[in-house]
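Chemist: Contents of structure_20.txt (compact mmCIF, C-alpha atoms and all ligand atoms) are below:
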# COMPACT_ATOMS: atom_id res chain seq x y z
CA MET A 1 0.54 -20.97 -11.67
CA ILE A 2 2.81 -17.95 -11.31
CA TYR A 3 1.55 -15.40 -8.81
CA PHE A 4 2.78 -11.90 -9.64
CA ASP A 5 -0.01 -10.02 -7.88
CA ASN A 6 1.46 -9.60 -4.41
CA ALA A 7 0.45 -5.94 -4.21
CA ALA A 8 -3.20 -7.09 -4.31
CA THR A 9 -2.67 -9.68 -1.62
CA THR A 10 -0.17 -12.34 -0.53
CA SER A 11 -0.32 -15.95 0.62
CA VAL A 12 -0.42 -16.62 4.37
CA SER A 13 3.05 -17.77 5.41
CA LYS A 14 3.59 -21.01 7.34
CA THR A 15 4.81 -18.96 10.31
CA ALA A 16 1.64 -16.84 10.29
CA LEU A 17 -0.61 -19.88 9.95
CA GLU A 18 1.11 -21.60 12.87
CA ALA A 19 0.55 -18.51 15.00
CA MET A 20 -3.13 -18.42 14.02
CA LEU A 21 -4.11 -22.05 14.53
CA PRO A 22 -4.04 -22.16 18.36
CA CYS A 23 -6.35 -19.09 18.47
CA LEU A 24 -8.87 -21.05 16.40
CA THR A 25 -8.59 -24.32 18.30
CA GLU A 26 -7.52 -24.69 21.93
CA ASN A 27 -6.86 -21.03 22.85
CA TYR A 28 -10.15 -19.50 21.83
CA GLY A 29 -10.81 -17.50 25.00
CA ASN A 30 -12.08 -13.92 24.78
CA PRO A 31 -9.26 -11.57 25.84
CA SER A 32 -11.79 -9.60 27.92
CA SER A 33 -12.78 -12.66 30.00
CA LEU A 34 -11.38 -12.86 33.51
CA HIS A 35 -10.81 -16.62 33.61
CA LEU A 36 -7.58 -18.36 32.72
CA MET A 37 -8.42 -18.97 29.06
CA GLY A 38 -9.39 -15.35 28.61
CA GLN A 39 -6.21 -14.18 30.27
CA GLU A 40 -4.11 -16.41 28.05
CA SER A 41 -5.69 -14.78 25.01
CA ASN A 42 -5.13 -11.39 26.55
CA GLN A 43 -1.47 -12.21 26.97
CA ALA A 44 -1.21 -13.31 23.34
CA LEU A 45 -2.82 -10.00 22.35
CA ASP A 46 -0.26 -8.06 24.39
CA GLU A 47 2.58 -9.99 22.79
CA ALA A 48 1.25 -9.37 19.28
CA ARG A 49 0.91 -5.67 20.02
CA LEU A 50 4.47 -5.53 21.33
CA THR A 51 5.76 -7.32 18.22
CA VAL A 52 3.99 -4.94 15.83
CA ALA A 53 5.15 -1.93 17.87
CA LYS A 54 8.80 -3.07 17.87
CA CYS A 55 8.77 -3.64 14.11
CA LEU A 56 7.90 0.04 13.64
CA ASN A 57 9.94 1.41 16.55
CA ALA A 58 6.70 2.42 18.25
CA ARG A 59 5.35 1.74 21.74
CA PRO A 60 2.69 -0.92 22.29
CA ASP A 61 0.20 1.68 23.53
CA GLU A 62 0.54 3.45 20.17
CA ILE A 63 -0.82 0.46 18.21
CA TYR A 64 -4.55 -0.02 17.55
CA PHE A 65 -5.68 -3.16 15.75
CA THR A 66 -8.22 -2.68 12.97
CA SER A 67 -9.97 -4.72 10.28
CA GLY A 68 -7.31 -3.74 7.73
CA GLY A 69 -5.63 -0.90 5.90
CA SER A 70 -8.87 0.71 4.71
CA GLU A 71 -10.22 1.04 8.23
CA ALA A 72 -6.95 2.45 9.53
CA ASP A 73 -6.93 5.07 6.74
CA ASN A 74 -10.58 6.02 7.34
CA TRP A 75 -10.03 6.24 11.09
CA ALA A 76 -6.85 8.33 10.98
CA ILE A 77 -8.03 10.83 8.39
CA THR A 78 -11.59 11.31 9.63
CA GLN A 79 -10.55 11.84 13.22
CA MET A 80 -7.58 14.08 12.57
CA ALA A 81 -9.83 16.20 10.36
CA GLU A 82 -12.40 16.46 13.16
CA LEU A 83 -9.67 17.23 15.67
CA GLY A 84 -8.45 20.05 13.41
CA ALA A 85 -11.96 21.42 12.89
CA LYS A 86 -12.32 21.87 16.65
CA LYS A 87 -9.40 24.30 16.44
CA GLY A 88 -10.81 25.99 13.34
CA LYS A 89 -8.44 24.13 11.00
CA LYS A 90 -10.33 22.62 8.07
CA HIS A 91 -7.62 22.25 5.43
CA LEU A 92 -6.05 18.90 4.52
CA ILE A 93 -3.21 18.00 2.16
CA SER A 94 -2.77 14.77 0.22
CA THR A 95 -1.77 13.63 -3.27
CA THR A 96 -3.64 12.81 -6.47
CA PHE A 97 -2.63 9.14 -6.49
CA GLU A 98 -3.54 7.83 -3.05
CA HIS A 99 -5.38 4.55 -2.51
CA HIS A 100 -9.17 4.90 -2.68
CA ALA A 101 -9.43 4.28 1.06
CA VAL A 102 -7.75 7.68 1.42
CA LEU A 103 -9.18 9.47 -1.63
CA HIS A 104 -12.80 8.54 -0.95
CA THR A 105 -12.46 9.53 2.72
CA LEU A 106 -11.13 12.91 1.59
CA LYS A 107 -13.98 13.30 -0.90
CA ARG A 108 -16.48 12.72 1.90
CA LEU A 109 -14.73 15.31 4.05
CA GLU A 110 -14.81 17.80 1.17
CA LYS A 111 -18.58 17.36 0.98
CA ALA A 112 -18.70 18.03 4.72
CA GLY A 113 -17.00 21.41 4.26
CA TYR A 114 -13.29 20.62 4.49
CA GLU A 115 -10.85 21.85 1.87
CA VAL A 116 -8.28 19.45 0.41
CA THR A 117 -5.14 20.29 -1.57
CA TYR A 118 -3.97 17.40 -3.77
CA LEU A 119 -0.24 17.60 -4.47
CA ASP A 120 1.00 16.70 -7.93
CA VAL A 121 3.12 13.53 -8.08
CA HIS A 122 4.80 14.52 -11.36
CA GLU A 123 5.80 12.15 -14.16
CA ASP A 124 8.03 10.09 -11.90
CA GLY A 125 5.33 9.48 -9.28
CA LEU A 126 7.13 11.46 -6.57
CA VAL A 127 5.96 14.31 -4.36
CA ARG A 128 8.24 17.35 -4.23
CA PRO A 129 8.96 18.33 -0.59
CA GLU A 130 9.10 22.03 -1.49
CA GLU A 131 5.59 21.78 -2.93
CA LEU A 132 4.34 20.33 0.34
CA LYS A 133 6.05 23.15 2.20
CA ALA A 134 4.33 25.72 0.02
CA ALA A 135 0.91 24.08 0.37
CA ILE A 136 0.84 24.11 4.19
CA ARG A 137 -1.35 26.92 5.57
CA PRO A 138 -2.10 28.15 9.09
CA ASP A 139 -5.40 26.22 8.93
CA THR A 140 -3.87 22.92 7.74
CA ALA A 141 -4.88 20.12 10.12
CA LEU A 142 -3.37 17.03 8.49
CA VAL A 143 -1.07 15.89 5.72
CA THR A 144 -1.69 12.36 4.45
CA ILE A 145 0.73 10.97 1.86
CA MET A 146 1.18 7.31 1.04
CA TYR A 147 4.54 5.70 1.81
CA ALA A 148 4.70 3.64 -1.40
CA ASN A 149 2.18 3.56 -4.22
CA ASN A 150 0.31 0.32 -4.76
CA GLU A 151 0.23 0.58 -8.57
CA ILE A 152 3.54 2.07 -9.65
CA GLY A 153 5.54 1.34 -6.48
CA THR A 154 7.12 4.76 -6.05
CA ILE A 155 8.47 5.49 -2.58
CA GLN A 156 7.98 8.99 -1.19
CA PRO A 157 10.65 10.91 0.77
CA ILE A 158 8.70 10.24 3.98
CA THR A 159 11.30 11.42 6.50
CA GLU A 160 11.64 14.74 4.75
CA LEU A 161 7.89 15.20 4.30
CA GLY A 162 7.34 14.39 7.98
CA ALA A 163 10.02 16.88 9.02
CA ILE A 164 8.30 19.64 7.04
CA CYS A 165 4.98 18.84 8.72
CA HIS A 166 6.54 18.93 12.18
CA GLU A 167 8.37 22.15 11.50
CA LYS A 168 4.98 23.70 10.67
CA GLY A 169 3.11 21.98 13.51
CA VAL A 170 0.92 19.85 11.24
CA LEU A 171 0.06 16.18 11.84
CA PHE A 172 1.47 13.67 9.36
CA HIS A 173 -0.27 10.42 8.41
CA THR A 174 1.05 7.88 5.93
CA ASP A 175 -0.73 4.93 4.31
CA ALA A 176 2.19 2.51 4.57
CA VAL A 177 0.24 -0.58 3.55
CA GLN A 178 2.60 -1.34 0.64
CA ALA A 179 5.73 -0.50 2.60
CA VAL A 180 5.38 -2.31 5.92
CA GLY A 181 7.22 -5.63 5.84
CA HIS A 182 9.01 -4.62 2.62
CA LEU A 183 10.93 -1.46 3.55
CA PRO A 184 12.61 -0.53 6.85
CA ILE A 185 10.29 1.70 8.89
CA ASP A 186 10.98 3.73 12.01
CA VAL A 187 8.05 5.95 12.91
CA LYS A 188 10.09 8.02 15.36
CA ALA A 189 13.09 8.69 13.13
CA GLN A 190 10.81 9.28 10.14
CA ASN A 191 8.61 11.91 11.81
CA ILE A 192 5.40 9.89 11.35
CA ASP A 193 2.44 10.71 13.63
CA LEU A 194 -0.01 8.18 12.23
CA LEU A 195 0.56 5.14 10.02
CA SER A 196 -1.76 2.54 8.46
CA LEU A 197 -0.74 -1.05 7.78
CA SER A 198 -2.48 -4.23 6.63
CA GLY A 199 -1.65 -7.87 7.41
CA HIS A 200 -2.42 -9.43 4.04
CA LYS A 201 0.21 -7.41 2.15
CA PHE A 202 3.10 -9.12 3.98
CA HIS A 203 1.93 -12.76 4.22
CA GLY A 204 -0.44 -12.29 7.14
CA PRO A 205 -4.16 -12.98 6.89
CA LYS A 206 -6.79 -10.74 5.33
CA GLY A 207 -9.19 -8.62 7.37
CA VAL A 208 -6.68 -7.38 9.93
CA GLY A 209 -4.45 -4.33 10.11
CA ALA A 210 -3.30 -1.67 12.49
CA LEU A 211 -3.18 2.05 13.03
CA TYR A 212 -0.13 3.52 14.72
CA CYS A 213 -0.97 6.78 16.47
CA ARG A 214 1.82 8.63 18.24
CA ARG A 215 1.39 9.17 21.96
CA GLY A 216 0.11 12.66 22.57
CA VAL A 217 -2.04 12.75 19.44
CA ARG A 218 -5.66 12.55 20.54
CA LEU A 219 -7.41 9.61 18.96
CA THR A 220 -11.05 9.13 19.91
CA ASN A 221 -13.09 5.97 19.65
CA PHE A 222 -14.04 4.83 16.18
CA ILE A 223 -16.45 1.97 16.85
CA GLU A 224 -18.87 2.20 19.79
CA GLY A 225 -19.35 -0.67 22.21
CA GLY A 226 -16.94 -2.46 24.53
CA ALA A 227 -13.67 -1.24 25.97
CA GLN A 228 -11.35 -3.06 23.55
CA GLU A 229 -8.28 -1.30 22.13
CA ARG A 230 -8.13 1.01 25.15
CA ASN A 231 -11.71 2.20 24.54
CA ARG A 232 -10.94 3.32 20.99
CA ARG A 233 -12.29 0.49 18.90
CA ALA A 234 -14.99 -1.78 20.26
CA GLY A 235 -15.48 -5.38 19.21
CA THR A 236 -13.98 -8.69 20.31
CA GLU A 237 -10.45 -8.78 18.95
CA ASN A 238 -9.71 -10.77 15.79
CA MET A 239 -7.25 -12.99 17.65
CA PRO A 240 -6.27 -15.36 14.82
CA GLY A 241 -5.82 -12.38 12.52
CA ILE A 242 -3.84 -10.30 15.00
CA CYS A 243 -1.51 -13.17 16.02
CA GLY A 244 -1.02 -14.19 12.39
CA MET A 245 -0.27 -10.65 11.31
CA ALA A 246 2.24 -10.09 14.13
CA ALA A 247 4.09 -13.32 13.31
CA ALA A 248 4.14 -12.48 9.59
CA LEU A 249 5.45 -8.99 10.28
CA GLN A 250 8.21 -10.24 12.57
CA GLU A 251 9.27 -12.75 9.91
CA ALA A 252 9.22 -10.11 7.17
CA VAL A 253 11.27 -7.67 9.24
CA ASP A 254 13.80 -10.38 10.20
CA HIS A 255 14.47 -11.14 6.53
CA LEU A 256 13.81 -7.73 5.07
CA GLU A 257 17.23 -6.96 3.65
CA GLU A 258 17.87 -10.32 1.96
CA ASN A 259 14.30 -10.52 0.58
CA ALA A 260 14.47 -6.99 -0.79
CA GLN A 261 17.76 -7.69 -2.55
CA ARG A 262 16.56 -10.84 -4.27
CA VAL A 263 13.18 -9.41 -5.21
CA ALA A 264 14.75 -6.21 -6.57
CA SER A 265 17.00 -8.31 -8.80
CA TYR A 266 13.91 -10.05 -10.26
CA ARG A 267 12.25 -6.67 -10.68
CA ASP A 268 15.23 -5.23 -12.52
CA GLN A 269 15.50 -8.25 -14.82
CA LEU A 270 11.84 -7.90 -15.72
CA ILE A 271 12.08 -4.16 -16.29
CA GLU A 272 15.18 -4.55 -18.43
CA GLY A 273 13.73 -7.42 -20.47
CA LEU A 274 10.30 -5.91 -21.01
CA SER A 275 11.74 -2.51 -21.90
CA LYS A 276 13.12 -4.14 -25.06
CA ILE A 277 9.54 -4.42 -26.35
CA PRO A 278 9.07 -1.53 -28.82
CA CYS A 279 6.81 1.34 -27.65
CA SER A 280 6.90 0.27 -24.03
CA ARG A 281 7.56 2.43 -20.99
CA LEU A 282 8.15 1.99 -17.29
CA ASN A 283 5.69 3.85 -15.08
CA GLY A 284 7.12 5.54 -12.00
CA ASP A 285 10.68 6.32 -11.02
CA ALA A 286 13.09 3.43 -11.65
CA LYS A 287 15.08 3.88 -8.42
CA GLN A 288 12.67 5.20 -5.75
CA ARG A 289 10.61 2.08 -6.17
CA LEU A 290 9.36 -0.89 -4.15
CA PRO A 291 11.65 -3.92 -4.60
CA GLY A 292 8.78 -5.96 -6.06
CA ASN A 293 7.03 -3.49 -8.36
CA VAL A 294 7.07 -3.60 -12.15
CA ASN A 295 4.51 -1.39 -13.92
CA MET A 296 4.76 -0.93 -17.66
CA CYS A 297 2.68 0.31 -20.55
CA PHE A 298 2.68 -1.23 -24.03
CA GLU A 299 1.16 1.06 -26.58
CA GLY A 300 -1.48 -0.14 -29.01
CA ILE A 301 -2.99 -2.86 -26.81
CA GLU A 302 -5.63 -3.13 -24.09
CA GLY A 303 -4.44 -3.98 -20.60
CA GLU A 304 -7.43 -6.27 -20.08
CA SER A 305 -6.63 -8.44 -23.11
CA LEU A 306 -3.02 -8.67 -22.01
CA LEU A 307 -4.10 -9.88 -18.56
CA LEU A 308 -6.46 -12.48 -19.99
CA ARG A 309 -3.78 -13.88 -22.29
CA LEU A 310 -1.24 -13.98 -19.47
CA ASP A 311 -3.80 -15.70 -17.29
CA LEU A 312 -4.11 -18.40 -19.97
CA ALA A 313 -0.33 -18.72 -19.89
CA GLY A 314 -0.52 -19.30 -16.12
CA ILE A 315 0.63 -15.85 -15.00
CA CYS A 316 -1.49 -13.91 -12.47
CA ALA A 317 -0.85 -10.21 -13.08
CA SER A 318 -2.84 -7.02 -12.76
CA SER A 319 -3.45 -3.89 -14.76
CA GLY A 320 -3.09 -1.67 -11.73
CA SER A 321 -5.06 -1.92 -8.56
CA ALA A 322 -7.37 -4.86 -7.87
CA CYS A 323 -9.98 -2.38 -6.74
CA THR A 324 -10.25 -0.69 -10.12
CA SER A 325 -9.56 -3.54 -12.51
CA GLY A 326 -13.23 -4.51 -12.38
CA SER A 327 -14.05 -1.19 -14.07
CA LEU A 328 -12.99 0.03 -17.48
CA ASP A 329 -11.85 3.43 -16.23
CA PRO A 330 -8.14 4.01 -16.73
CA SER A 331 -6.15 3.98 -13.50
CA HIS A 332 -6.28 7.27 -11.55
CA VAL A 333 -2.64 6.65 -10.66
CA LEU A 334 -1.49 6.52 -14.28
CA LEU A 335 -3.55 9.60 -15.10
CA ALA A 336 -1.95 11.31 -12.07
CA ILE A 337 1.53 10.80 -13.54
CA GLY A 338 0.33 12.38 -16.75
CA LEU A 339 -0.29 9.42 -19.03
CA PRO A 340 -2.91 9.97 -21.73
CA LYS A 341 -6.06 7.83 -21.33
CA GLU A 342 -5.35 5.55 -24.29
CA ILE A 343 -1.92 4.61 -22.95
CA ALA A 344 -3.13 4.27 -19.36
CA HIS A 345 -5.43 1.50 -20.62
CA GLY A 346 -2.53 -0.68 -21.67
CA SER A 347 -0.66 -1.08 -18.40
CA LEU A 348 0.68 -4.21 -16.77
CA ARG A 349 1.58 -4.51 -13.09
CA LEU A 350 3.71 -7.42 -11.96
CA SER A 351 4.12 -7.35 -8.18
CA LEU A 352 6.70 -9.81 -6.96
CA ASP A 353 7.91 -10.91 -3.59
CA GLU A 354 10.20 -13.36 -1.85
CA VAL A 355 8.10 -16.42 -2.63
CA ASN A 356 8.71 -15.93 -6.37
CA THR A 357 11.56 -17.68 -8.22
CA GLN A 358 14.07 -17.07 -11.00
CA GLU A 359 12.29 -19.68 -13.18
CA GLU A 360 9.06 -17.70 -12.90
CA VAL A 361 10.88 -14.54 -13.95
CA ASP A 362 12.49 -16.30 -16.92
CA TYR A 363 9.18 -17.77 -18.08
CA THR A 364 7.46 -14.38 -17.81
CA LEU A 365 10.25 -12.68 -19.76
CA GLN A 366 9.58 -15.17 -22.51
CA GLN A 367 5.76 -14.98 -22.44
CA VAL A 368 5.02 -11.23 -22.18
CA PRO A 369 6.79 -10.16 -25.41
CA GLN A 370 5.02 -12.96 -27.31
CA VAL A 371 1.59 -11.99 -25.97
CA VAL A 372 2.20 -8.29 -26.67
CA ALA A 373 3.25 -9.10 -30.26
CA LEU A 374 0.19 -11.31 -30.75
CA LEU A 375 -2.21 -8.64 -29.46
CA ARG A 376 -0.56 -5.95 -31.56
CA ASP A 377 -1.04 -8.12 -34.66
CA MET A 378 -4.78 -7.92 -34.02
CA SER A 379 -4.87 -4.29 -32.96
CA PRO A 380 -6.25 -1.60 -35.30
CA VAL A 381 -4.64 1.01 -33.04
CA TRP A 382 -1.23 -0.57 -33.56
CA GLU A 383 -1.81 -0.81 -37.31
CA GLN A 384 -2.63 2.89 -37.41
CA MET A 385 0.45 3.71 -35.32
CA GLN A 386 2.59 1.85 -37.85
CA LYS A 387 1.00 3.67 -40.77
CA ASP A 388 1.66 6.98 -39.02
CA GLY A 389 5.26 5.98 -38.43
CA ARG A 390 4.77 6.05 -34.65
CA ALA A 391 5.60 2.38 -34.17
C1 LIG B 401 -4.29 -2.87 0.04
C2 LIG B 401 -4.15 -1.43 0.35
C3 LIG B 401 -5.05 -0.76 1.21
C4 LIG B 401 -6.25 -1.46 1.79
O1 LIG B 401 -5.92 -2.41 2.77
P1 LIG B 401 -7.03 -3.49 3.17
O2 LIG B 401 -6.42 -4.21 4.32
O3 LIG B 401 -7.23 -4.36 1.98
O4 LIG B 401 -8.25 -2.73 3.57
C5 LIG B 401 -4.84 0.55 1.49
N1 LIG B 401 -3.79 1.23 0.95
C6 LIG B 401 -2.91 0.64 0.13
C7 LIG B 401 -1.77 1.43 -0.40
C8 LIG B 401 -3.07 -0.70 -0.21
O5 LIG B 401 -2.20 -1.27 -1.05
Let's see the structure in the file written out as structure tokens.

Modeler:
Amino acid sequence: MIYFDNAATTSVSKTALEAMLPCLTENYGNPSSLHLMGQESNQALDEARLTVAKCLNARPDEIYFTSGGSEADNWAITQMAELGAKKGKKHLISTTFEHHAVLHTLKRLEKAGYEVTYLDVHEDGLVRPEELKAAIRPDTALVTIMYANNEIGTIQPITELGAICHEKGVLFHTDAVQAVGHLPIDVKAQNIDLLSLSGHKFHGPKGVGALYCRRGVRLTNFIEGGAQERNRRAGTENMPGICGMAAALQEAVDHLEENAQRVASYRDQLIEGLSKIPCSRLNGDAKQRLPGNVNMCFEGIEGESLLLRLDLAGICASSGSACTSGSLDPSHVLLAIGLPKEIAHGSLRLSLDEVNTQEEVDYTLQQVPQVVALLRDMSPVWEQMQKDGRA
């Protein structure tokens, strides 16, 4: 089985598993307990927080553990909107191709009377800094723009966008779930006030993530109950998850450069090889792109059929985001970069990472063109395109 769906989730690394096991067996104390076992857990929690903080160039008291990326996004956006409203600022800025954890939170806020400006991400999947500058108003409370897109992998000019926000006195949040552990991140140098991350996108476990919130930005409690996470998020800490995530992040950051280089070479081989298929196109900018992201459209075929055939050939791929592939709607990301509906249906996302191999890339380069040709042979759309001289 070839796993090319690392943007949906990743395997738990050996290092992460080894960090988790003691929390599930001998060291199961509650970090809030006063006895020795509790205090040992509390110490492990402190260490994990310090590790996560260091990997982002943040301080430990700026890290809040959550149940994942979705919770961190919901928390950051909802509370910064409420904070703004208290000062009479009810305008938010985002983009058209955010993850649904962001988009649906914004939709809820719109229903509650907030106004949201969605910046265009253009054909290359990139926000234009001057368009952000022009969109900021005196009543803008928050700008939330994803670091790297989960479907087409485009990387935004975060440092520049953050600088514009700070110049105008607006808070800047980024959903960095696809970037953390894969790209170098420095929240201070990059002008980031709030950042969401998730353990299972960099070989940590599922169901755990974190919100970074810069010191001085008022974050109020999100879940009521006990005093965990400095009174901000109640609930006994997910110790195995937190320790596993911290270990996975440290490992990813330690090997970031070498992993990125190898993975990018696989990516470029796949893009080059698959671009030879007639009537194909790469979605998203070729350079400002996650090292492991390949997203292509092949005209005249259905993305779903392509995925099923590849599955039979032992290749796990995706037609975009795992959250939307259960529905038949074309991807909102591909529509956001201006693709017509019929083409947006035929997309293929291969998301690679350091556990993949050259053999897997070679095999895929052999299989995909065959499957595309086979499906086109059976496609009335393709037949029509040929008759019209479009293929
Ligand atoms: C996976 C993902 C999320 C959601 O994270 P969970 O931990 O699964 O809740 C949010 N944003 C992006 C960009 C993602 O890729």

Chemist: Do you know which residues are within 7 Å of ligand LIG 401 (chain B) using all atoms listed in the file? Can you write them as a VMD selection string?

Modeler: chain A and resid 7 to 8 67 to 71 99 101 146 148 to 150 175 to 178 198 to 201 206 to 209

Chemist: Closest to Pro330 of chain A among A:Glu302, A:Ile158, A:His122, A:Ser351, using all atoms listed in the file?

Modeler: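 Closest residue, counting all atoms listed in the file: A:Glu302.
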
Chemist: In Å, how far is it from atom CA of Met20 of chain A to atom CA of Gln250 of chain A?

Modeler: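 Spanning atom CA of Met20 of chain A to atom CA of Gln250 of chain A is a straight-line distance of 14.1 Å.
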
Chemist: For each of A:Gln156, A:Ser305, A:Ser319, A:Thr236, take the minimum atom-to-atom distance to His332 of chain A, counting all atoms listed in the file, then give the residue where this is smallest.

Modeler: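 For His332 of chain A, the nearest of the candidates is A:Ser319.
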
Chemist: Using all atoms listed in the file, find the one residue out of A:Glu257, A:Glu151, A:Glu82, A:Glu62 that sits nearest to Leu195 of chain A.

Modeler: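 Checking each of A:Glu257, A:Glu151, A:Glu82, A:Glu62 against Leu195 of chain A, counting all atoms listed in the file, the winner is A:Glu62.
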
Chemist: Would you kindly return, as a ChimeraX atom specification, each protein, DNA or RNA residue with an atom no farther than 9 Å from any atom of segment 340-350 of chain A, considering only C-alpha atoms and excluding same-chain residues fewer than 6 positions away?

Modeler: /A:3-7,151-152,267,270,283,292-307,316-321,328-332,334

Chemist: Calculated over only C-alpha atoms, which of the candidates A:Ala19, A:Leu161, A:Leu197, A:Val217 has the smallest distance to Leu45 of chain A?

Modeler: A:Ala19

Chemist: List as a PyMOL selection string the protein and nucleic acid residues near Leu103 of chain A, meaning an atom at most 12 Å away when only C-alpha atoms are counted, but skip any in the same chain fewer than 2 places from it.

Modeler: chain A and resi 70+73-74+77-78+92-101+105-110+116-118+144-146+175+332-333

Chemist: Given all atoms listed in the file as the basis, pick out the residue of A:Ser196, A:Thr15, A:Thr66, A:Asn259 nearest to Gly244 of chain A.

Modeler: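 Smallest separation from Gly244 of chain A among the options: A:Thr15.
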
Chemist: Residues within 7 Å of Gly225 of chain A, please, as an mmCIF file with C-alpha atoms, in the frame of the given file. Count all atoms listed in the file; anything in the same chain fewer than 2 positions from it doesn't count.

Modeler:
data_model
loop_
_atom_site.group_PDB
_atom_site.id
_atom_site.type_symbol
_atom_site.label_atom_id
_atom_site.label_comp_id
_atom_site.auth_asym_id
_atom_site.auth_seq_id
_atom_site.Cartn_x
_atom_site.Cartn_y
_atom_site.Cartn_z
ATOM 1 C CA ILE A 223 -16.450 1.970 16.850
ATOM 2 C CA ALA A 227 -13.670 -1.240 25.970
ATOM 3 C CA ALA A 234 -14.990 -1.780 20.260
ATOM 4 C CA GLY A 235 -15.480 -5.380 19.210
#

Chemist: Between A:Met385, A:Glu160, A:Leu142, A:Leu339, which residue has the minimum interatomic distance to Glu130 of chain A, considering only C-alpha atoms?

Modeler: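 Smallest distance to Glu130 of chain A is found for A:Glu160.
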
Chemist: Padding of 8 Å on every side, edges along x, y and z, all listed atoms of segment 61-69 of chain A included: what centre and edge lengths in Å, to one decimal, does that box have, as AutoDock Vina command-line options?

Modeler:
--center_x -4.7 --center_y -0.6 --center_z 14.7 --size_x 26.5 --size_y 24.2 --size_z 33.6

Chemist: Taking the partial coordinates given, rebuild segment 53-68 of chain A to contain N, CA and C atoms; return it as a tab-separated table (two decimals), keeping the file's coordinate frame.

Modeler:
chain	number	residue	atom	x	y	z
A	53	ALA	N	4.56	-3.21	17.44
A	53	ALA	CA	5.15	-1.93	17.87
A	53	ALA	C	6.66	-1.93	17.61
A	54	LYS	N	7.33	-3.01	18.03
A	54	LYS	CA	8.80	-3.07	17.87
A	54	LYS	C	9.21	-3.00	16.41
A	55	CYS	N	8.43	-3.63	15.54
A	55	CYS	CA	8.77	-3.64	14.11
A	55	CYS	C	8.70	-2.25	13.49
A	56	LEU	N	8.03	-1.32	14.17
A	56	LEU	CA	7.90	0.04	13.64
A	56	LEU	C	8.69	1.04	14.47
A	57	ASN	N	9.34	0.57	15.52
A	57	ASN	CA	9.94	1.41	16.55
A	57	ASN	C	8.89	2.32	17.22
A	58	ALA	N	7.75	1.71	17.52
A	58	ALA	CA	6.70	2.42	18.25
A	58	ALA	C	6.55	1.79	19.63
A	59	ARG	N	5.65	2.34	20.44
A	59	ARG	CA	5.35	1.74	21.74
A	59	ARG	C	4.05	0.94	21.61
A	60	PRO	N	3.91	-0.12	22.41
A	60	PRO	CA	2.69	-0.92	22.29
A	60	PRO	C	1.41	-0.10	22.46
A	61	ASP	N	1.44	0.91	23.34
A	61	ASP	CA	0.20	1.68	23.53
A	61	ASP	C	-0.04	2.70	22.40
A	62	GLU	N	0.77	2.61	21.35
A	62	GLU	CA	0.54	3.45	20.17
A	62	GLU	C	-0.05	2.64	19.01
A	63	ILE	N	-0.31	1.35	19.27
A	63	ILE	CA	-0.82	0.46	18.21
A	63	ILE	C	-2.29	0.12	18.47
A	64	TYR	N	-3.13	0.32	17.46
A	64	TYR	CA	-4.55	-0.02	17.55
A	64	TYR	C	-4.85	-1.00	16.44
A	65	PHE	N	-5.36	-2.19	16.79
A	65	PHE	CA	-5.68	-3.16	15.75
A	65	PHE	C	-7.01	-2.80	15.08
A	66	THR	N	-7.04	-3.02	13.77
A	66	THR	CA	-8.22	-2.68	12.97
A	66	THR	C	-8.57	-3.86	12.07
A	67	SER	N	-9.57	-3.66	11.22
A	67	SER	CA	-9.97	-4.72	10.28
A	67	SER	C	-9.14	-4.67	9.00
A	68	GLY	N	-8.15	-3.79	8.92
A	68	GLY	CA	-7.31	-3.74	7.73
A	68	GLY	C	-6.82	-2.34	7.45
